[in-house]
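File shown here: start27.tsv, holding TSV, C-alpha atoms.
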chain	number	residue	atom	x	y	z
A	2	MET	CA	-26.76	-45.95	23.70
A	3	SER	CA	-25.15	-45.22	27.02
A	4	LEU	CA	-21.85	-46.86	26.10
A	5	GLN	CA	-19.34	-44.26	24.97
A	6	SER	CA	-16.10	-45.48	23.48
A	7	SER	CA	-13.27	-44.21	21.41
A	8	LEU	CA	-10.87	-46.20	19.38
A	9	ASP	CA	-7.25	-46.68	20.39
A	10	PRO	CA	-5.29	-43.97	18.52
A	11	ASP	CA	-2.69	-46.40	17.16
A	12	LEU	CA	-5.44	-48.59	15.75
A	13	ALA	CA	-7.27	-45.57	14.37
A	14	ALA	CA	-4.07	-44.50	12.61
A	15	ARG	CA	-3.73	-47.90	10.92
A	16	LEU	CA	-7.32	-48.27	9.74
A	17	LYS	CA	-8.27	-47.47	6.16
A	18	ARG	CA	-11.83	-46.39	5.54
A	19	ASP	CA	-13.99	-45.73	2.51
A	20	PRO	CA	-15.09	-42.17	1.70
A	21	ASN	CA	-17.97	-42.58	4.19
A	22	GLY	CA	-15.59	-43.57	6.97
A	23	LEU	CA	-16.68	-47.21	6.82
A	24	PHE	CA	-14.96	-50.55	6.37
A	25	PRO	CA	-16.38	-54.06	5.92
A	26	ALA	CA	-16.64	-56.41	8.89
A	27	ILE	CA	-16.98	-60.13	8.23
A	28	ALA	CA	-18.76	-62.04	11.00
A	29	GLN	CA	-17.76	-65.69	11.29
A	30	GLN	CA	-19.00	-68.33	13.69
A	31	HIS	CA	-15.90	-69.03	15.78
A	32	ASP	CA	-16.19	-72.81	16.03
A	33	THR	CA	-17.88	-73.99	12.84
A	34	GLY	CA	-16.22	-71.43	10.57
A	35	GLU	CA	-19.50	-70.44	8.93
A	36	VAL	CA	-19.39	-66.99	7.38
A	37	LEU	CA	-22.51	-65.46	8.88
A	38	MET	CA	-22.81	-61.99	7.36
A	39	LEU	CA	-20.95	-58.91	6.25
A	40	GLY	CA	-21.67	-55.65	8.03
A	41	TRP	CA	-20.08	-52.21	8.05
A	42	MET	CA	-18.26	-50.46	10.87
A	43	ASP	CA	-16.81	-47.06	11.50
A	44	ASP	CA	-14.28	-46.29	14.23
A	45	GLU	CA	-16.96	-45.96	16.88
A	46	ALA	CA	-18.66	-49.23	15.93
A	47	LEU	CA	-15.32	-51.03	16.14
A	48	ALA	CA	-14.52	-49.37	19.48
A	49	ARG	CA	-17.89	-50.45	20.87
A	50	THR	CA	-17.41	-53.97	19.52
A	51	LEU	CA	-14.02	-54.30	21.19
A	52	ALA	CA	-15.08	-52.70	24.48
A	53	SER	CA	-18.44	-54.44	24.90
A	54	GLY	CA	-17.78	-57.84	23.35
A	55	ARG	CA	-20.99	-57.42	21.34
A	56	ALA	CA	-20.69	-57.02	17.57
A	57	THR	CA	-21.85	-53.53	16.69
A	58	TYR	CA	-22.25	-52.23	13.15
A	59	TRP	CA	-23.18	-49.05	11.33
A	60	SER	CA	-26.44	-49.47	9.47
A	61	ARG	CA	-26.04	-47.75	6.12
A	62	SER	CA	-29.77	-47.97	5.43
A	63	ARG	CA	-30.90	-46.61	8.79
A	64	GLY	CA	-27.94	-44.32	9.43
A	65	GLU	CA	-27.43	-45.49	12.99
A	66	TYR	CA	-25.39	-47.85	15.13
A	67	TRP	CA	-26.81	-51.29	15.37
A	68	ARG	CA	-25.76	-53.65	18.13
A	69	LYS	CA	-26.60	-57.04	16.69
A	70	GLY	CA	-29.33	-58.73	18.70
A	71	ASP	CA	-30.76	-55.68	20.49
A	72	THR	CA	-34.01	-56.02	18.54
A	73	SER	CA	-33.94	-59.67	17.43
A	74	GLY	CA	-32.20	-61.27	20.39
A	75	HIS	CA	-29.75	-62.77	17.92
A	76	VAL	CA	-26.68	-61.50	19.71
A	77	GLN	CA	-23.13	-61.96	18.44
A	78	TRP	CA	-20.74	-62.53	21.34
A	79	VAL	CA	-17.30	-61.53	20.17
A	80	LYS	CA	-14.50	-64.06	20.48
A	81	SER	CA	-11.79	-62.24	18.52
A	82	VAL	CA	-11.31	-59.40	16.07
A	83	ALA	CA	-8.49	-59.19	13.51
A	84	LEU	CA	-7.52	-56.63	10.90
A	85	ASP	CA	-6.44	-57.78	7.47
A	86	CYS	CA	-3.03	-57.07	5.93
A	87	ASP	CA	-4.24	-53.83	4.34
A	88	ALA	CA	-6.03	-52.68	7.52
A	89	ASP	CA	-9.21	-52.05	5.54
A	90	THR	CA	-11.33	-55.05	6.62
A	91	VAL	CA	-11.99	-56.74	9.97
A	92	LEU	CA	-12.79	-60.35	10.70
A	93	VAL	CA	-14.99	-60.74	13.77
A	94	LYS	CA	-15.21	-64.25	15.15
A	95	VAL	CA	-18.37	-64.56	17.19
A	96	ASP	CA	-20.67	-66.93	18.95
A	97	GLN	CA	-23.95	-66.29	17.12
A	98	VAL	CA	-27.17	-66.73	19.09
A	99	GLY	CA	-29.85	-68.08	16.74
A	100	PRO	CA	-29.96	-67.12	13.08
A	101	ALA	CA	-27.57	-64.41	11.90
A	102	CYS	CA	-29.80	-63.35	9.02
A	103	HIS	CA	-32.87	-61.16	9.35
A	104	THR	CA	-34.61	-63.58	6.98
A	105	GLY	CA	-34.33	-66.29	9.65
A	106	THR	CA	-31.62	-68.39	8.03
A	107	ARG	CA	-28.46	-69.27	9.92
A	108	THR	CA	-26.25	-67.20	7.63
A	109	CYS	CA	-26.91	-64.45	5.10
A	110	PHE	CA	-25.38	-66.64	2.38
A	111	ASP	CA	-27.87	-69.52	2.54
A	112	GLY	CA	-29.56	-68.76	-0.79
A	113	ASP	CA	-29.07	-70.82	-3.92
A	114	PRO	CA	-25.48	-70.89	-5.12
A	115	LEU	CA	-24.82	-69.09	-8.39
A	116	PRO	CA	-24.32	-71.35	-11.41
A	117	LEU	CA	-20.71	-72.05	-12.30
A	118	GLY	CA	-19.40	-72.74	-15.78
A	119	GLY	CA	-19.15	-70.83	-19.03
B	25	MET	CA	-7.33	-61.35	-20.78
B	26	SER	CA	-8.74	-63.29	-23.68
B	27	LEU	CA	-11.77	-64.49	-21.73
B	28	GLN	CA	-14.76	-62.29	-22.45
B	29	SER	CA	-17.81	-62.78	-20.29
B	30	SER	CA	-20.97	-61.00	-19.37
B	31	LEU	CA	-23.08	-61.53	-16.33
B	32	ASP	CA	-26.45	-63.25	-16.48
B	33	PRO	CA	-29.04	-60.43	-16.79
B	34	ASP	CA	-31.21	-61.75	-13.94
B	35	LEU	CA	-28.20	-61.85	-11.65
B	36	ALA	CA	-27.10	-58.40	-12.79
B	37	ALA	CA	-30.57	-57.08	-11.97
B	38	ARG	CA	-30.36	-58.46	-8.42
B	39	LEU	CA	-26.86	-57.24	-7.57
B	40	LYS	CA	-26.37	-54.09	-5.54
B	41	ARG	CA	-23.13	-52.20	-6.08
B	42	ASP	CA	-21.38	-49.28	-4.44
B	43	PRO	CA	-21.04	-45.97	-6.31
B	44	ASN	CA	-17.97	-47.38	-8.08
B	45	GLY	CA	-19.90	-50.42	-9.30
B	46	LEU	CA	-18.14	-52.72	-6.83
B	47	PHE	CA	-19.21	-55.14	-4.13
B	48	PRO	CA	-17.17	-57.08	-1.55
B	49	ALA	CA	-16.27	-60.69	-2.19
B	50	ILE	CA	-15.26	-62.87	0.76
B	51	ALA	CA	-12.94	-65.74	-0.14
B	52	GLN	CA	-13.20	-68.73	2.17
B	53	GLN	CA	-11.28	-72.01	2.07
B	54	HIS	CA	-14.03	-74.49	1.21
B	55	ASP	CA	-13.03	-77.32	3.56
B	56	THR	CA	-11.37	-75.71	6.59
B	57	GLY	CA	-13.66	-72.67	6.67
B	58	GLU	CA	-10.75	-70.23	6.95
B	59	VAL	CA	-11.64	-66.73	5.80
B	60	LEU	CA	-8.77	-66.05	3.43
B	61	MET	CA	-9.26	-62.49	2.21
B	62	LEU	CA	-11.75	-59.89	1.10
B	63	GLY	CA	-11.55	-58.62	-2.45
B	64	TRP	CA	-13.76	-56.48	-4.65
B	65	MET	CA	-15.67	-57.46	-7.76
B	66	ASP	CA	-17.69	-55.72	-10.40
B	67	ASP	CA	-20.12	-57.49	-12.74
B	68	GLU	CA	-17.35	-58.50	-15.12
B	69	ALA	CA	-15.14	-59.90	-12.36
B	70	LEU	CA	-18.05	-61.96	-11.06
B	71	ALA	CA	-18.90	-63.16	-14.56
B	72	ARG	CA	-15.28	-64.22	-15.13
B	73	THR	CA	-15.17	-65.93	-11.73
B	74	LEU	CA	-18.31	-67.94	-12.50
B	75	ALA	CA	-17.33	-68.78	-16.07
B	76	SER	CA	-13.70	-69.67	-15.46
B	77	GLY	CA	-13.79	-71.21	-12.00
B	78	ARG	CA	-10.88	-68.94	-11.03
B	79	ALA	CA	-11.54	-66.18	-8.49
B	80	THR	CA	-11.13	-62.85	-10.28
B	81	TYR	CA	-11.26	-59.48	-8.58
B	82	TRP	CA	-11.10	-55.82	-9.43
B	83	SER	CA	-7.97	-54.23	-8.01
B	84	ARG	CA	-8.96	-50.82	-6.66
B	85	SER	CA	-5.31	-49.79	-6.28
B	86	ARG	CA	-4.20	-50.87	-9.77
B	87	GLY	CA	-7.48	-50.22	-11.57
B	88	GLU	CA	-7.49	-53.56	-13.37
B	89	TYR	CA	-8.87	-57.07	-13.21
B	90	TRP	CA	-6.81	-59.42	-11.16
B	91	ARG	CA	-7.17	-63.17	-11.54
B	92	LYS	CA	-5.81	-64.46	-8.29
B	93	GLY	CA	-2.65	-66.48	-8.83
B	94	ASP	CA	-1.72	-65.23	-12.31
B	95	THR	CA	1.38	-63.56	-10.89
B	96	SER	CA	1.94	-65.43	-7.64
B	97	GLY	CA	0.76	-68.90	-8.61
B	98	HIS	CA	-1.53	-68.77	-5.58
B	99	VAL	CA	-4.66	-69.66	-7.52
B	100	GLN	CA	-8.14	-69.82	-6.01
B	101	TRP	CA	-10.12	-72.64	-7.60
B	102	VAL	CA	-13.78	-71.79	-7.14
B	103	LYS	CA	-16.01	-74.37	-5.47
B	104	SER	CA	-19.17	-72.25	-5.03
B	105	VAL	CA	-20.37	-68.67	-5.09
B	106	ALA	CA	-23.35	-67.36	-3.13
B	107	LEU	CA	-24.99	-63.96	-2.84
B	108	ASP	CA	-26.06	-62.69	0.53
B	109	CYS	CA	-29.65	-61.82	1.45
B	110	ASP	CA	-29.23	-58.19	0.35
B	111	ALA	CA	-27.45	-59.14	-2.88
B	112	ASP	CA	-24.62	-56.76	-2.08
B	113	THR	CA	-21.88	-59.22	-1.03
B	114	VAL	CA	-20.66	-62.54	-2.42
B	115	LEU	CA	-19.12	-65.47	-0.59
B	116	VAL	CA	-16.68	-67.38	-2.77
B	117	LYS	CA	-15.68	-70.79	-1.47
B	118	VAL	CA	-12.38	-71.77	-3.00
B	119	ASP	CA	-9.52	-74.19	-2.88
B	120	GLN	CA	-6.59	-71.88	-2.19
B	121	VAL	CA	-3.20	-72.89	-3.60
B	122	GLY	CA	-0.50	-71.76	-1.16
B	123	PRO	CA	-0.86	-68.61	0.89
B	124	ALA	CA	-3.80	-66.33	0.12
B	125	CYS	CA	-2.05	-63.22	1.36
B	126	HIS	CA	0.57	-61.29	-0.59
B	127	THR	CA	2.56	-61.10	2.66
B	128	GLY	CA	3.01	-64.88	2.53
B	129	THR	CA	0.63	-65.81	5.33
B	130	ARG	CA	-2.12	-68.33	4.77
B	131	THR	CA	-4.88	-65.74	5.24
B	132	CYS	CA	-4.94	-61.94	5.22
B	133	PHE	CA	-6.23	-61.98	8.82
B	134	ASP	CA	-3.24	-63.67	10.44
B	135	GLY	CA	-1.97	-60.58	12.26
B	136	ASP	CA	-2.28	-60.06	16.00
B	137	PRO	CA	-5.88	-59.99	17.21
B	138	LEU	CA	-7.13	-56.63	18.46
B	139	PRO	CA	-7.41	-56.34	22.24
B	140	LEU	CA	-10.87	-56.91	23.65
B	141	GLY	CA	-12.27	-55.33	26.77
B	142	GLY	CA	-13.14	-51.84	27.89

Any chance you could give the structure as structure tokens?
Amino acid sequence: MSLQSSLDPDLAARLKRDPNGLFPAIAQQHDTGEVLMLGWMDDEALARTLASGRATYWSRSRGEYWRKGDTSGHVQWVKSVALDCDADTVLVKVDQVGPACHTGTRTCFDGDPLPLGG
Amino acid sequence: MSLQSSLDPDLAARLKRDPNGLFPAIAQQHDTGEVLMLGWMDDEALARTLASGRATYWSRSRGEYWRKGDTSGHVQWVKSVALDCDADTVLVKVDQVGPACHTGTRTCFDGDPLPLGG
């Protein structure tokens, strides 16, 4: 990628990361409230997300940055990003173009619900 | 806790966990769509959540199960639980009693949004 970013030092100082330098990022459709997917970010992915307005994740399986929609066209336009109280998770409100899930469903949570009850 | 549960073997076979046996659980208010918090579960926490209808997490900081609301009264009554497409994250739709966040805010993401733009 040509975009080079670095995270604001104050923000970087607040963030808590797992041993791989990653933290979970929840993507939510900004108007309907649908939870679309959970991805992983490191500092650079968050910096790129904030600077570009395009949700950008770290792919744990491929070991590379992944700007959502570059391959599929299913872009996530960022509306807002918020840290949680422990500064170890981000909530990214987006406008999702097309399906969020690589399986073609709107969200990654569209499978059968798990059975409740003892 | 007196409740003893074990996860359905088919579900346990599908789940993907991190090296500590944990996976992220997103709690969402079932009717408003608010993303309330992100917690962590292991198989037992998920089994207890499904069996009891009370969202139950694994506290990484305290190293113990944590049934939301037992101390604070801020119970999460479970409406539905869904796995994501990769079976490594769960979305728990709940009816949240009172604030979800230990800081007293409705959600754990109620802090100032991060600045967007390059």

| Shortest interatomic distance to Pro25 of chain A - which of B:Ser85, B:Thr113, B:Thr129, B:Gln120, counting all atoms listed in the file |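 Using all atoms listed in the file, the shortest distance to Pro25 of chain A belongs to B:Thr113.
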
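The closest residue to chain A, picked from B:Trp64, B:Trp101, B:Phe133, B:Tyr81 and counting all atoms listed in the file, is B:Phe133.
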
Taken to one decimal, the atom CA of Asp136 of chain B-atom CA of Ala46 of chain A distance is 19.6 Å

Report task. Do me a favour and pick out the residues of chain A within 8 Å of chain B, using only C-alpha atoms, as a ChimeraX atom specification. Result -> /A:33-36,38-39,51-54,81-86,90-92,102,104,109-119

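Those residues that approach Thr57 of chain A to within 8 Å, counting only C-alpha atoms, are Met42, Ala46, Leu47, Arg49, Thr50, Arg55, Trp59, Tyr66, Trp67, Arg68 and Lys69 of chain A; same-chain residues fewer than 2 positions away are not listed.
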
Could you write out the selected residues, including C-alpha atoms, as a PDB file, keeping the file's coordinate frame?
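Writing the result to result.pdb gives the following:
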ATOM      1  CA  MET A  42     -18.260 -50.460  10.870  1.00  0.00           C
ATOM      2  CA  ALA A  46     -18.660 -49.230  15.930  1.00  0.00           C
ATOM      3  CA  LEU A  47     -15.320 -51.030  16.140  1.00  0.00           C
ATOM      4  CA  ARG A  49     -17.890 -50.450  20.870  1.00  0.00           C
ATOM      5  CA  THR A  50     -17.410 -53.970  19.520  1.00  0.00           C
ATOM      6  CA  ARG A  55     -20.990 -57.420  21.340  1.00  0.00           C
ATOM      7  CA  TRP A  59     -23.180 -49.050  11.330  1.00  0.00           C
ATOM      8  CA  TYR A  66     -25.390 -47.850  15.130  1.00  0.00           C
ATOM      9  CA  TRP A  67     -26.810 -51.290  15.370  1.00  0.00           C
ATOM     10  CA  ARG A  68     -25.760 -53.650  18.130  1.00  0.00           C
ATOM     11  CA  LYS A  69     -26.600 -57.040  16.690  1.00  0.00           C
TER      12      LYS A  69
END

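Interatomic distance, atom CA of Arg107 of chain A against atom CA of Arg61 of chain A: 22.0 Å.
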
**Prompt:** Expressed in Å to a single decimal, how great is the separation between atom CA of His75 of chain A and atom CA of Asp43 of chain A?
**Reply:**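 A separation of 21.3 Å between them.
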
Smallest atom-to-atom distance to Asp44 of chain A: which of A:Glu65, A:Lys94, A:Ser7, A:Pro100, using all atoms listed in the file?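 Of the candidates, the smallest distance to Asp44 of chain A is held by A:Ser7.
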